[in-house]
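Asks: Sharing work_29.pdb here; it has PDB, C-alpha atoms.
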```
ATOM      1  CA  MET A 789     -17.482 129.690  63.588  1.00  0.00           C
ATOM      2  CA  ALA A 790     -15.718 129.818  66.965  1.00  0.00           C
ATOM      3  CA  THR A 791     -14.617 132.587  69.301  1.00  0.00           C
ATOM      4  CA  VAL A 792     -10.871 132.489  69.970  1.00  0.00           C
ATOM      5  CA  LEU A 793      -9.096 134.315  72.779  1.00  0.00           C
ATOM      6  CA  SER A 794      -5.529 135.025  71.655  1.00  0.00           C
ATOM      7  CA  VAL A 795      -3.394 135.602  74.768  1.00  0.00           C
ATOM      8  CA  SER A 796       0.103 137.078  74.758  1.00  0.00           C
ATOM      9  CA  GLY A 797       1.996 136.447  77.980  1.00  0.00           C
ATOM     10  CA  SER A 798       4.886 138.731  77.047  1.00  0.00           C
ATOM     11  CA  PRO A 799       5.766 141.697  79.278  1.00  0.00           C
ATOM     12  CA  SER A 800       7.295 143.603  76.341  1.00  0.00           C
ATOM     13  CA  ALA A 801       5.473 146.276  74.342  1.00  0.00           C
ATOM     14  CA  THR A 802       7.562 145.309  71.280  1.00  0.00           C
ATOM     15  CA  SER A 803       7.143 141.597  71.840  1.00  0.00           C
ATOM     16  CA  ARG A 804       7.854 139.128  69.051  1.00  0.00           C
ATOM     17  CA  THR A 805       5.423 136.799  70.792  1.00  0.00           C
ATOM     18  CA  ALA A 806       2.555 139.291  70.565  1.00  0.00           C
ATOM     19  CA  ARG A 807       3.441 140.126  66.972  1.00  0.00           C
ATOM     20  CA  LEU A 808       3.451 136.446  66.072  1.00  0.00           C
ATOM     21  CA  LEU A 809       0.069 135.955  67.732  1.00  0.00           C
ATOM     22  CA  ARG A 810      -1.480 138.906  65.907  1.00  0.00           C
ATOM     23  CA  HIS A 811      -0.082 137.440  62.663  1.00  0.00           C
ATOM     24  CA  LEU A 812      -1.728 134.076  63.425  1.00  0.00           C
ATOM     25  CA  ASP A 813      -4.934 135.867  64.478  1.00  0.00           C
ATOM     26  CA  GLU A 814      -5.261 137.052  60.880  1.00  0.00           C
ATOM     27  CA  ARG A 815      -5.132 133.448  59.651  1.00  0.00           C
ATOM     28  CA  LEU A 816      -7.823 132.405  62.138  1.00  0.00           C
ATOM     29  CA  ILE A 817     -10.027 135.353  61.146  1.00  0.00           C
ATOM     30  CA  ALA A 818      -9.599 134.411  57.470  1.00  0.00           C
ATOM     31  CA  GLN A 819     -10.855 130.932  58.422  1.00  0.00           C
ATOM     32  CA  GLY A 820     -14.023 132.465  59.844  1.00  0.00           C
ATOM     33  CA  HIS A 821     -13.252 132.650  63.550  1.00  0.00           C
ATOM     34  CA  GLU A 822     -13.848 135.652  65.757  1.00  0.00           C
ATOM     35  CA  VAL A 823     -10.543 136.484  67.468  1.00  0.00           C
ATOM     36  CA  ILE A 824     -10.213 138.542  70.638  1.00  0.00           C
ATOM     37  CA  PRO A 825      -6.607 139.602  71.348  1.00  0.00           C
ATOM     38  CA  LEU A 826      -5.454 139.900  74.957  1.00  0.00           C
ATOM     39  CA  ASP A 827      -2.038 141.246  75.920  1.00  0.00           C
ATOM     40  CA  VAL A 828      -1.600 140.305  79.584  1.00  0.00           C
ATOM     41  CA  ARG A 829       0.879 143.184  80.020  1.00  0.00           C
ATOM     42  CA  THR A 830      -2.052 145.627  79.649  1.00  0.00           C
ATOM     43  CA  LEU A 831      -3.737 144.286  82.791  1.00  0.00           C
ATOM     44  CA  PRO A 832      -3.077 146.249  85.999  1.00  0.00           C
ATOM     45  CA  ALA A 833       0.108 145.046  87.696  1.00  0.00           C
ATOM     46  CA  GLU A 834      -1.373 145.604  91.152  1.00  0.00           C
ATOM     47  CA  ALA A 835      -4.239 143.231  90.313  1.00  0.00           C
ATOM     48  CA  LEU A 836      -1.927 140.554  88.915  1.00  0.00           C
ATOM     49  CA  LEU A 837       0.723 140.768  91.636  1.00  0.00           C
ATOM     50  CA  GLY A 838      -1.752 141.314  94.454  1.00  0.00           C
ATOM     51  CA  ALA A 839      -3.925 138.366  93.371  1.00  0.00           C
ATOM     52  CA  ASP A 840      -6.955 140.655  93.257  1.00  0.00           C
ATOM     53  CA  PHE A 841      -9.585 138.246  91.912  1.00  0.00           C
ATOM     54  CA  GLY A 842     -12.287 140.914  92.209  1.00  0.00           C
ATOM     55  CA  HIS A 843     -10.470 143.656  90.289  1.00  0.00           C
ATOM     56  CA  PRO A 844     -12.698 144.742  87.379  1.00  0.00           C
ATOM     57  CA  ALA A 845      -9.960 144.033  84.805  1.00  0.00           C
ATOM     58  CA  ILE A 846      -9.475 140.500  86.160  1.00  0.00           C
ATOM     59  CA  VAL A 847     -13.243 139.900  86.239  1.00  0.00           C
ATOM     60  CA  ARG A 848     -13.486 141.063  82.582  1.00  0.00           C
ATOM     61  CA  THR A 849     -10.533 138.860  81.613  1.00  0.00           C
ATOM     62  CA  THR A 850     -12.069 135.841  83.331  1.00  0.00           C
ATOM     63  CA  ALA A 851     -15.270 136.502  81.373  1.00  0.00           C
ATOM     64  CA  LEU A 852     -13.261 136.528  78.115  1.00  0.00           C
ATOM     65  CA  PHE A 853     -11.950 133.050  78.940  1.00  0.00           C
ATOM     66  CA  GLU A 854     -15.487 131.871  79.755  1.00  0.00           C
ATOM     67  CA  GLN A 855     -16.848 133.152  76.428  1.00  0.00           C
ATOM     68  CA  ALA A 856     -14.080 131.667  74.274  1.00  0.00           C
ATOM     69  CA  ASP A 857     -14.437 128.366  72.467  1.00  0.00           C
ATOM     70  CA  GLY A 858     -10.683 128.185  72.003  1.00  0.00           C
ATOM     71  CA  VAL A 859      -7.620 129.863  73.444  1.00  0.00           C
ATOM     72  CA  VAL A 860      -4.254 130.499  71.841  1.00  0.00           C
ATOM     73  CA  ILE A 861      -1.644 130.986  74.567  1.00  0.00           C
ATOM     74  CA  GLY A 862       1.625 132.569  73.481  1.00  0.00           C
ATOM     75  CA  THR A 863       4.608 133.184  75.716  1.00  0.00           C
ATOM     76  CA  PRO A 864       8.262 134.034  75.468  1.00  0.00           C
ATOM     77  CA  VAL A 865      10.473 131.475  77.185  1.00  0.00           C
ATOM     78  CA  TYR A 866      12.483 132.706  80.166  1.00  0.00           C
ATOM     79  CA  LYS A 867      14.656 130.318  82.203  1.00  0.00           C
ATOM     80  CA  ALA A 868      13.201 127.316  80.313  1.00  0.00           C
ATOM     81  CA  ALA A 869       9.610 128.172  81.282  1.00  0.00           C
ATOM     82  CA  TYR A 870       6.708 130.408  80.312  1.00  0.00           C
ATOM     83  CA  SER A 871       6.681 134.027  81.467  1.00  0.00           C
ATOM     84  CA  GLY A 872       5.970 135.035  85.051  1.00  0.00           C
ATOM     85  CA  LEU A 873       3.413 137.481  83.706  1.00  0.00           C
ATOM     86  CA  LEU A 874       1.446 134.636  82.125  1.00  0.00           C
ATOM     87  CA  LYS A 875       1.798 132.632  85.353  1.00  0.00           C
ATOM     88  CA  SER A 876       0.315 135.537  87.323  1.00  0.00           C
ATOM     89  CA  LEU A 877      -2.745 135.568  85.068  1.00  0.00           C
ATOM     90  CA  LEU A 878      -3.203 131.793  85.041  1.00  0.00           C
ATOM     91  CA  ASP A 879      -3.057 131.810  88.852  1.00  0.00           C
ATOM     92  CA  LEU A 880      -5.955 134.290  88.994  1.00  0.00           C
ATOM     93  CA  LEU A 881      -8.241 132.317  86.707  1.00  0.00           C
ATOM     94  CA  PRO A 882     -10.660 129.756  88.144  1.00  0.00           C
ATOM     95  CA  GLN A 883      -9.204 126.243  88.442  1.00  0.00           C
ATOM     96  CA  TYR A 884     -11.184 124.997  85.439  1.00  0.00           C
ATOM     97  CA  ALA A 885     -11.144 128.185  83.361  1.00  0.00           C
ATOM     98  CA  LEU A 886     -10.207 126.160  80.276  1.00  0.00           C
ATOM     99  CA  ALA A 887     -12.872 123.466  80.781  1.00  0.00           C
ATOM    100  CA  GLY A 888     -14.214 122.219  77.485  1.00  0.00           C
ATOM    101  CA  LYS A 889     -12.003 124.533  75.437  1.00  0.00           C
ATOM    102  CA  THR A 890      -9.532 123.818  72.639  1.00  0.00           C
ATOM    103  CA  ILE A 891      -6.065 125.197  73.356  1.00  0.00           C
ATOM    104  CA  LEU A 892      -3.082 126.048  71.126  1.00  0.00           C
ATOM    105  CA  PRO A 893       0.138 126.645  73.080  1.00  0.00           C
ATOM    106  CA  LEU A 894       2.888 128.678  71.382  1.00  0.00           C
ATOM    107  CA  ALA A 895       6.276 129.877  72.587  1.00  0.00           C
ATOM    108  CA  THR A 896       9.100 132.047  71.320  1.00  0.00           C
ATOM    109  CA  GLY A 897      12.702 132.181  72.416  1.00  0.00           C
ATOM    110  CA  GLY A 898      16.255 132.919  71.502  1.00  0.00           C
ATOM    111  CA  THR A 899      17.609 129.377  71.352  1.00  0.00           C
ATOM    112  CA  THR A 900      16.419 125.875  70.516  1.00  0.00           C
ATOM    113  CA  ALA A 901      17.504 124.878  74.037  1.00  0.00           C
ATOM    114  CA  HIS A 902      14.044 126.091  75.100  1.00  0.00           C
ATOM    115  CA  VAL A 903      12.035 124.091  72.567  1.00  0.00           C
ATOM    116  CA  LEU A 904      10.630 121.729  75.206  1.00  0.00           C
ATOM    117  CA  ALA A 905       9.279 124.543  77.401  1.00  0.00           C
ATOM    118  CA  ILE A 906       5.830 124.076  75.878  1.00  0.00           C
ATOM    119  CA  ASP A 907       5.622 120.376  76.752  1.00  0.00           C
ATOM    120  CA  TYR A 908       7.433 120.411  80.098  1.00  0.00           C
ATOM    121  CA  ALA A 909       6.368 123.755  81.584  1.00  0.00           C
ATOM    122  CA  LEU A 910       3.274 125.184  79.874  1.00  0.00           C
ATOM    123  CA  ARG A 911       1.250 122.137  78.800  1.00  0.00           C
ATOM    124  CA  PRO A 912       0.963 120.606  82.329  1.00  0.00           C
ATOM    125  CA  VAL A 913      -0.433 123.848  83.749  1.00  0.00           C
ATOM    126  CA  LEU A 914      -2.891 124.226  80.888  1.00  0.00           C
ATOM    127  CA  ALA A 915      -3.934 120.571  81.219  1.00  0.00           C
ATOM    128  CA  SER A 916      -4.662 121.068  84.925  1.00  0.00           C
ATOM    129  CA  MET A 917      -7.210 123.731  83.969  1.00  0.00           C
ATOM    130  CA  GLY A 918      -9.490 121.186  82.267  1.00  0.00           C
ATOM    131  CA  PRO A 919      -9.388 121.824  78.512  1.00  0.00           C
ATOM    132  CA  ALA A 920     -11.188 119.443  76.186  1.00  0.00           C
ATOM    133  CA  HIS A 921      -8.191 119.356  73.857  1.00  0.00           C
ATOM    134  CA  ILE A 922      -4.695 120.805  73.725  1.00  0.00           C
ATOM    135  CA  THR A 923      -3.521 120.764  70.131  1.00  0.00           C
ATOM    136  CA  PRO A 924       0.150 120.358  69.238  1.00  0.00           C
ATOM    137  CA  GLY A 925       1.999 123.582  69.984  1.00  0.00           C
ATOM    138  CA  TRP A 926       4.961 125.218  68.343  1.00  0.00           C
ATOM    139  CA  PHE A 927       8.177 126.937  69.443  1.00  0.00           C
ATOM    140  CA  THR A 928       9.471 129.700  67.163  1.00  0.00           C
ATOM    141  CA  LEU A 929      12.953 131.189  67.344  1.00  0.00           C
ATOM    142  CA  ASP A 930      13.034 134.955  67.834  1.00  0.00           C
ATOM    143  CA  LYS A 931      15.293 135.296  64.798  1.00  0.00           C
ATOM    144  CA  ASP A 932      12.534 133.786  62.623  1.00  0.00           C
ATOM    145  CA  ILE A 933      10.122 136.643  63.427  1.00  0.00           C
ATOM    146  CA  THR A 934      10.681 140.094  61.941  1.00  0.00           C
ATOM    147  CA  ALA A 935       8.476 143.148  62.063  1.00  0.00           C
ATOM    148  CA  GLY A 936       8.460 145.773  59.367  1.00  0.00           C
ATOM    149  CA  GLU A 937       8.291 149.506  60.020  1.00  0.00           C
ATOM    150  CA  ASP A 938       4.599 149.372  59.076  1.00  0.00           C
ATOM    151  CA  GLY A 939       3.915 146.657  61.671  1.00  0.00           C
ATOM    152  CA  THR A 940       3.723 143.764  59.215  1.00  0.00           C
ATOM    153  CA  VAL A 941       5.166 140.523  60.488  1.00  0.00           C
ATOM    154  CA  THR A 942       7.277 138.155  58.448  1.00  0.00           C
ATOM    155  CA  VAL A 943       8.036 134.650  59.630  1.00  0.00           C
ATOM    156  CA  ALA A 944      10.910 132.603  58.185  1.00  0.00           C
ATOM    157  CA  PRO A 945       9.557 130.077  55.642  1.00  0.00           C
ATOM    158  CA  ASP A 946      10.180 126.867  57.636  1.00  0.00           C
ATOM    159  CA  SER A 947       8.650 128.343  60.796  1.00  0.00           C
ATOM    160  CA  ALA A 948       5.778 129.878  58.819  1.00  0.00           C
ATOM    161  CA  GLU A 949       4.893 126.497  57.342  1.00  0.00           C
ATOM    162  CA  ALA A 950       4.947 124.771  60.733  1.00  0.00           C
ATOM    163  CA  LEU A 951       2.919 127.558  62.342  1.00  0.00           C
ATOM    164  CA  ALA A 952       0.353 127.367  59.552  1.00  0.00           C
ATOM    165  CA  GLN A 953      -0.002 123.626  60.181  1.00  0.00           C
ATOM    166  CA  VAL A 954      -0.520 123.923  63.954  1.00  0.00           C
ATOM    167  CA  THR A 955      -2.869 126.877  63.487  1.00  0.00           C
ATOM    168  CA  ASP A 956      -4.906 124.948  60.917  1.00  0.00           C
ATOM    169  CA  GLN A 957      -5.049 121.894  63.234  1.00  0.00           C
ATOM    170  CA  PHE A 958      -6.306 124.161  66.023  1.00  0.00           C
ATOM    171  CA  SER A 959      -8.869 125.716  63.673  1.00  0.00           C
ATOM    172  CA  ALA A 960     -10.089 122.293  62.529  1.00  0.00           C
ATOM    173  CA  ALA A 961     -10.380 121.073  66.128  1.00  0.00           C
ATOM    174  CA  LEU A 962     -12.402 124.192  66.973  1.00  0.00           C
ATOM    175  CA  ALA A 963     -14.680 123.722  63.979  1.00  0.00           C
ATOM    176  CA  GLY A 964     -15.297 120.097  64.903  1.00  0.00           C
ATOM    177  CA  ARG A 965     -16.056 120.995  68.509  1.00  0.00           C
ATOM    178  CA  THR A 966     -18.405 123.800  67.470  1.00  0.00           C
ATOM    179  CA  ARG A 967     -20.331 121.426  65.183  1.00  0.00           C
ATOM    180  CA  LEU A 968     -20.635 118.852  67.984  1.00  0.00           C
ATOM    181  CA  LEU A 969     -21.920 121.444  70.443  1.00  0.00           C
ATOM    182  CA  ALA A 970     -24.413 122.777  67.903  1.00  0.00           C
ATOM    183  CA  ALA A 971     -25.705 119.246  67.217  1.00  0.00           C
ATOM    184  CA  ALA A 972     -26.021 118.544  70.947  1.00  0.00           C
ATOM    185  CA  GLY A 973     -27.835 121.865  71.584  1.00  0.00           C
TER     186      GLY A 973
END
```
Represent the structure contained in this file as structure tokens.
Replies:
Amino acid sequence: MATVLSVSGSPSATSRTARLLRHLDERLIAQGHEVIPLDVRTLPAEALLGADFGHPAIVRTTALFEQADGVVIGTPVYKAAYSGLLKSLLDLLPQYALAGKTILPLATGGTTAHVLAIDYALRPVLASMGPAHITPGWFTLDKDITAGEDGTVTVAPDSAEALAQVTDQFSAALAGRTRLLAAAG
């Protein structure tokens, strides 16, 4: 099927955002997609903050975006917007790094006051990078995501159902795009 780059824009090593993404990665893998996880926090800070486009880690990351058919972008919400860490990465990517790709935006946060961060902060930036399609995203409350001692992730039933729907819509959009490209090739 398709290659999906699953990007966590959280600066935290114990991030609910990253845990949620890895949980959704499993669903995408079960649907036949190849998923490549990327935690932006593992990229060198000096490259991100110094806008070092030529740094080997940034060059490799840019290549991951180029190779992906679809990208899942997950971020915690801070001050009603996506993380500064994610912003640093997006600023280093080529202007049309998402050209022709299918995108699924996701966000996590502590209060429903941030629910519109996807549509008012993240989606416009992603749209400016030229994707073929941005599927409906989803905001998940932090309290709805729990991690067990063994690393398993549990999502509250209502959130889990909504996340399954947006993930399946993303997967279907990817599958349709992949079929179209194969037919055109």
Asks: Select, from A:Ala790, A:Thr940, A:Ser871, A:Leu812, the residue with the minimum atom-to-atom distance to Gly964 (chain A), counting all atoms listed in the file.
Replies: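 With all atoms listed in the file as the atom set, the closest residue is A:Ala790.
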Asks: Could you expand the PyMOL selection byres ((chain A and resi 931) around 9) into the explicit residues it covers here, written as a PyMOL selection string?
Replies: chain A and resi 897-898+928-930+932-934+943-944
Asks: I need the residue nearest Gln855 (chain A) from this list: A:Gly888, A:Pro893, A:Gly797, A:Gly939. Use all atoms listed in the file for the distance.
Replies: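 Of A:Gly888, A:Pro893, A:Gly797, A:Gly939, the one nearest Gln855 (chain A) is A:Gly888, counting all atoms listed in the file.
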Asks: Report as a list in words all protein, DNA and RNA residues lying within 12 Å of Thr802 (chain A), evaluated on all atoms listed in the file, omitting residues in the same chain fewer than 2 positions from it.
Replies: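 The residues satisfying every condition are Ser796, Ser798, Pro799, Ser800, Arg804, Thr805, Ala806, Arg807, Leu808, Asp827, Arg829, Ile933, Thr934, Ala935, Gly936 and Gly939 of chain A.
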Asks: Could you dump the residues just selected with C-alpha atoms as an mmCIF file, in the frame of the given file?
Replies:
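selection_35.cif written:
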```cif
data_model
loop_
_atom_site.group_PDB
_atom_site.id
_atom_site.type_symbol
_atom_site.label_atom_id
_atom_site.label_comp_id
_atom_site.auth_asym_id
_atom_site.auth_seq_id
_atom_site.Cartn_x
_atom_site.Cartn_y
_atom_site.Cartn_z
ATOM 1 C CA SER A 796 0.103 137.078 74.758
ATOM 2 C CA SER A 798 4.886 138.731 77.047
ATOM 3 C CA PRO A 799 5.766 141.697 79.278
ATOM 4 C CA SER A 800 7.295 143.603 76.341
ATOM 5 C CA ARG A 804 7.854 139.128 69.051
ATOM 6 C CA THR A 805 5.423 136.799 70.792
ATOM 7 C CA ALA A 806 2.555 139.291 70.565
ATOM 8 C CA ARG A 807 3.441 140.126 66.972
ATOM 9 C CA LEU A 808 3.451 136.446 66.072
ATOM 10 C CA ASP A 827 -2.038 141.246 75.920
ATOM 11 C CA ARG A 829 0.879 143.184 80.020
ATOM 12 C CA ILE A 933 10.122 136.643 63.427
ATOM 13 C CA THR A 934 10.681 140.094 61.941
ATOM 14 C CA ALA A 935 8.476 143.148 62.063
ATOM 15 C CA GLY A 936 8.460 145.773 59.367
ATOM 16 C CA GLY A 939 3.915 146.657 61.671
#
```
Asks: Compile the contact shell of His902 (chain A) as a VMD selection string: residues with an atom at most 8 Å away, counting only C-alpha atoms, same-chain residues fewer than 4 positions apart removed.
Replies: chain A and resid 865 868 to 869 897
Asks: Export, as a compact mmCIF listing (two decimals), in the coordinates of the input, the selected residues with C-alpha atoms.
Replies:
```txt
# COMPACT_ATOMS: atom_id res chain seq x y z
CA VAL A 865 10.47 131.48 77.18
CA ALA A 868 13.20 127.32 80.31
CA ALA A 869 9.61 128.17 81.28
CA GLY A 897 12.70 132.18 72.42
```
Asks: Check which residues satisfy the PyMOL selection byres ((chain A and resi 792-795) around 8) in the file shown, then give them as a PDB file with C-alpha atoms, keeping the file's coordinate frame.
Replies:
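Written file, selection-v1.pdb:
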```pdb
ATOM      1  CA  ALA A 790     -15.718 129.818  66.965  1.00  0.00           C
ATOM      2  CA  THR A 791     -14.617 132.587  69.301  1.00  0.00           C
ATOM      3  CA  SER A 796       0.103 137.078  74.758  1.00  0.00           C
ATOM      4  CA  GLY A 797       1.996 136.447  77.980  1.00  0.00           C
ATOM      5  CA  LEU A 809       0.069 135.955  67.732  1.00  0.00           C
ATOM      6  CA  ASP A 813      -4.934 135.867  64.478  1.00  0.00           C
ATOM      7  CA  HIS A 821     -13.252 132.650  63.550  1.00  0.00           C
ATOM      8  CA  GLU A 822     -13.848 135.652  65.757  1.00  0.00           C
ATOM      9  CA  VAL A 823     -10.543 136.484  67.468  1.00  0.00           C
ATOM     10  CA  ILE A 824     -10.213 138.542  70.638  1.00  0.00           C
ATOM     11  CA  PRO A 825      -6.607 139.602  71.348  1.00  0.00           C
ATOM     12  CA  LEU A 826      -5.454 139.900  74.957  1.00  0.00           C
ATOM     13  CA  ASP A 827      -2.038 141.246  75.920  1.00  0.00           C
ATOM     14  CA  VAL A 828      -1.600 140.305  79.584  1.00  0.00           C
ATOM     15  CA  LEU A 852     -13.261 136.528  78.115  1.00  0.00           C
ATOM     16  CA  PHE A 853     -11.950 133.050  78.940  1.00  0.00           C
ATOM     17  CA  ALA A 856     -14.080 131.667  74.274  1.00  0.00           C
ATOM     18  CA  ASP A 857     -14.437 128.366  72.467  1.00  0.00           C
ATOM     19  CA  GLY A 858     -10.683 128.185  72.003  1.00  0.00           C
ATOM     20  CA  VAL A 859      -7.620 129.863  73.444  1.00  0.00           C
ATOM     21  CA  VAL A 860      -4.254 130.499  71.841  1.00  0.00           C
ATOM     22  CA  ILE A 861      -1.644 130.986  74.567  1.00  0.00           C
ATOM     23  CA  GLY A 862       1.625 132.569  73.481  1.00  0.00           C
TER      24      GLY A 862
END
```
Asks: Could you please determine the separation between CA of Leu894 (chain A) and CA of Met789 (chain A) in Å, to one decimal place?
Replies: 21.8 Å
Asks: Applied to this file, what does the PyMOL selection byres ((chain A and resi 919) around 10) return in terms of residues, put as a list in words?
Replies: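 This file, filtered by the PyMOL selection byres ((chain A and resi 919) around 10), leaves Gly858, Val859, Tyr884, Ala885, Leu886, Ala887, Gly888, Lys889, Thr890, Ile891, Leu914, Ala915, Ser916, Met917, Gly918, Ala920, His921 and Ile922 of chain A.
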Asks: Using the selection just defined, write its residues with C-alpha atoms as a PDB file, in the coordinates of the input.
Replies:
```
ATOM      1  CA  GLY A 858     -10.683 128.185  72.003  1.00  0.00           C
ATOM      2  CA  VAL A 859      -7.620 129.863  73.444  1.00  0.00           C
ATOM      3  CA  TYR A 884     -11.184 124.997  85.439  1.00  0.00           C
ATOM      4  CA  ALA A 885     -11.144 128.185  83.361  1.00  0.00           C
ATOM      5  CA  LEU A 886     -10.207 126.160  80.276  1.00  0.00           C
ATOM      6  CA  ALA A 887     -12.872 123.466  80.781  1.00  0.00           C
ATOM      7  CA  GLY A 888     -14.214 122.219  77.485  1.00  0.00           C
ATOM      8  CA  LYS A 889     -12.003 124.533  75.437  1.00  0.00           C
ATOM      9  CA  THR A 890      -9.532 123.818  72.639  1.00  0.00           C
ATOM     10  CA  ILE A 891      -6.065 125.197  73.356  1.00  0.00           C
ATOM     11  CA  LEU A 914      -2.891 124.226  80.888  1.00  0.00           C
ATOM     12  CA  ALA A 915      -3.934 120.571  81.219  1.00  0.00           C
ATOM     13  CA  SER A 916      -4.662 121.068  84.925  1.00  0.00           C
ATOM     14  CA  MET A 917      -7.210 123.731  83.969  1.00  0.00           C
ATOM     15  CA  GLY A 918      -9.490 121.186  82.267  1.00  0.00           C
ATOM     16  CA  ALA A 920     -11.188 119.443  76.186  1.00  0.00           C
ATOM     17  CA  HIS A 921      -8.191 119.356  73.857  1.00  0.00           C
ATOM     18  CA  ILE A 922      -4.695 120.805  73.725  1.00  0.00           C
TER      19      ILE A 922
END
```
Asks: Report the distance between CA of Pro882 (chain A) and CA of Pro832 (chain A) in Å, rounded to one decimal place.
Replies: 18.3 Å
Asks: Expressed in Å to a single decimal, how great is the separation between CA of Ser947 (chain A) and CA of Phe927 (chain A)?
Replies: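 Taking CA of Ser947 (chain A) as the start and CA of Phe927 (chain A) as the end point, the length is 8.8 Å.
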Asks: List the spatial neighbours of region 839-845 of chain A as a PyMOL selection string - criterion: any atom at most 9 Å away, only C-alpha atoms, same-chain residues fewer than 5 positions off excluded.
Replies: chain A and resi 831-832+834+850+876-877+879-881
Asks: I need the residue nearest Ala835 (chain A) from this list: A:His811, A:Ile817, A:Lys867, A:Leu873. Use all atoms listed in the file for the distance.
Replies: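 Closest to Ala835 (chain A) of all the choices is A:Leu873.
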Asks: Calculated over all atoms listed in the file, which of the candidates A:Thr899, A:Thr942, A:Ser959, A:Thr849 has the smallest distance to Leu878 (chain A)?
Replies: A:Thr849
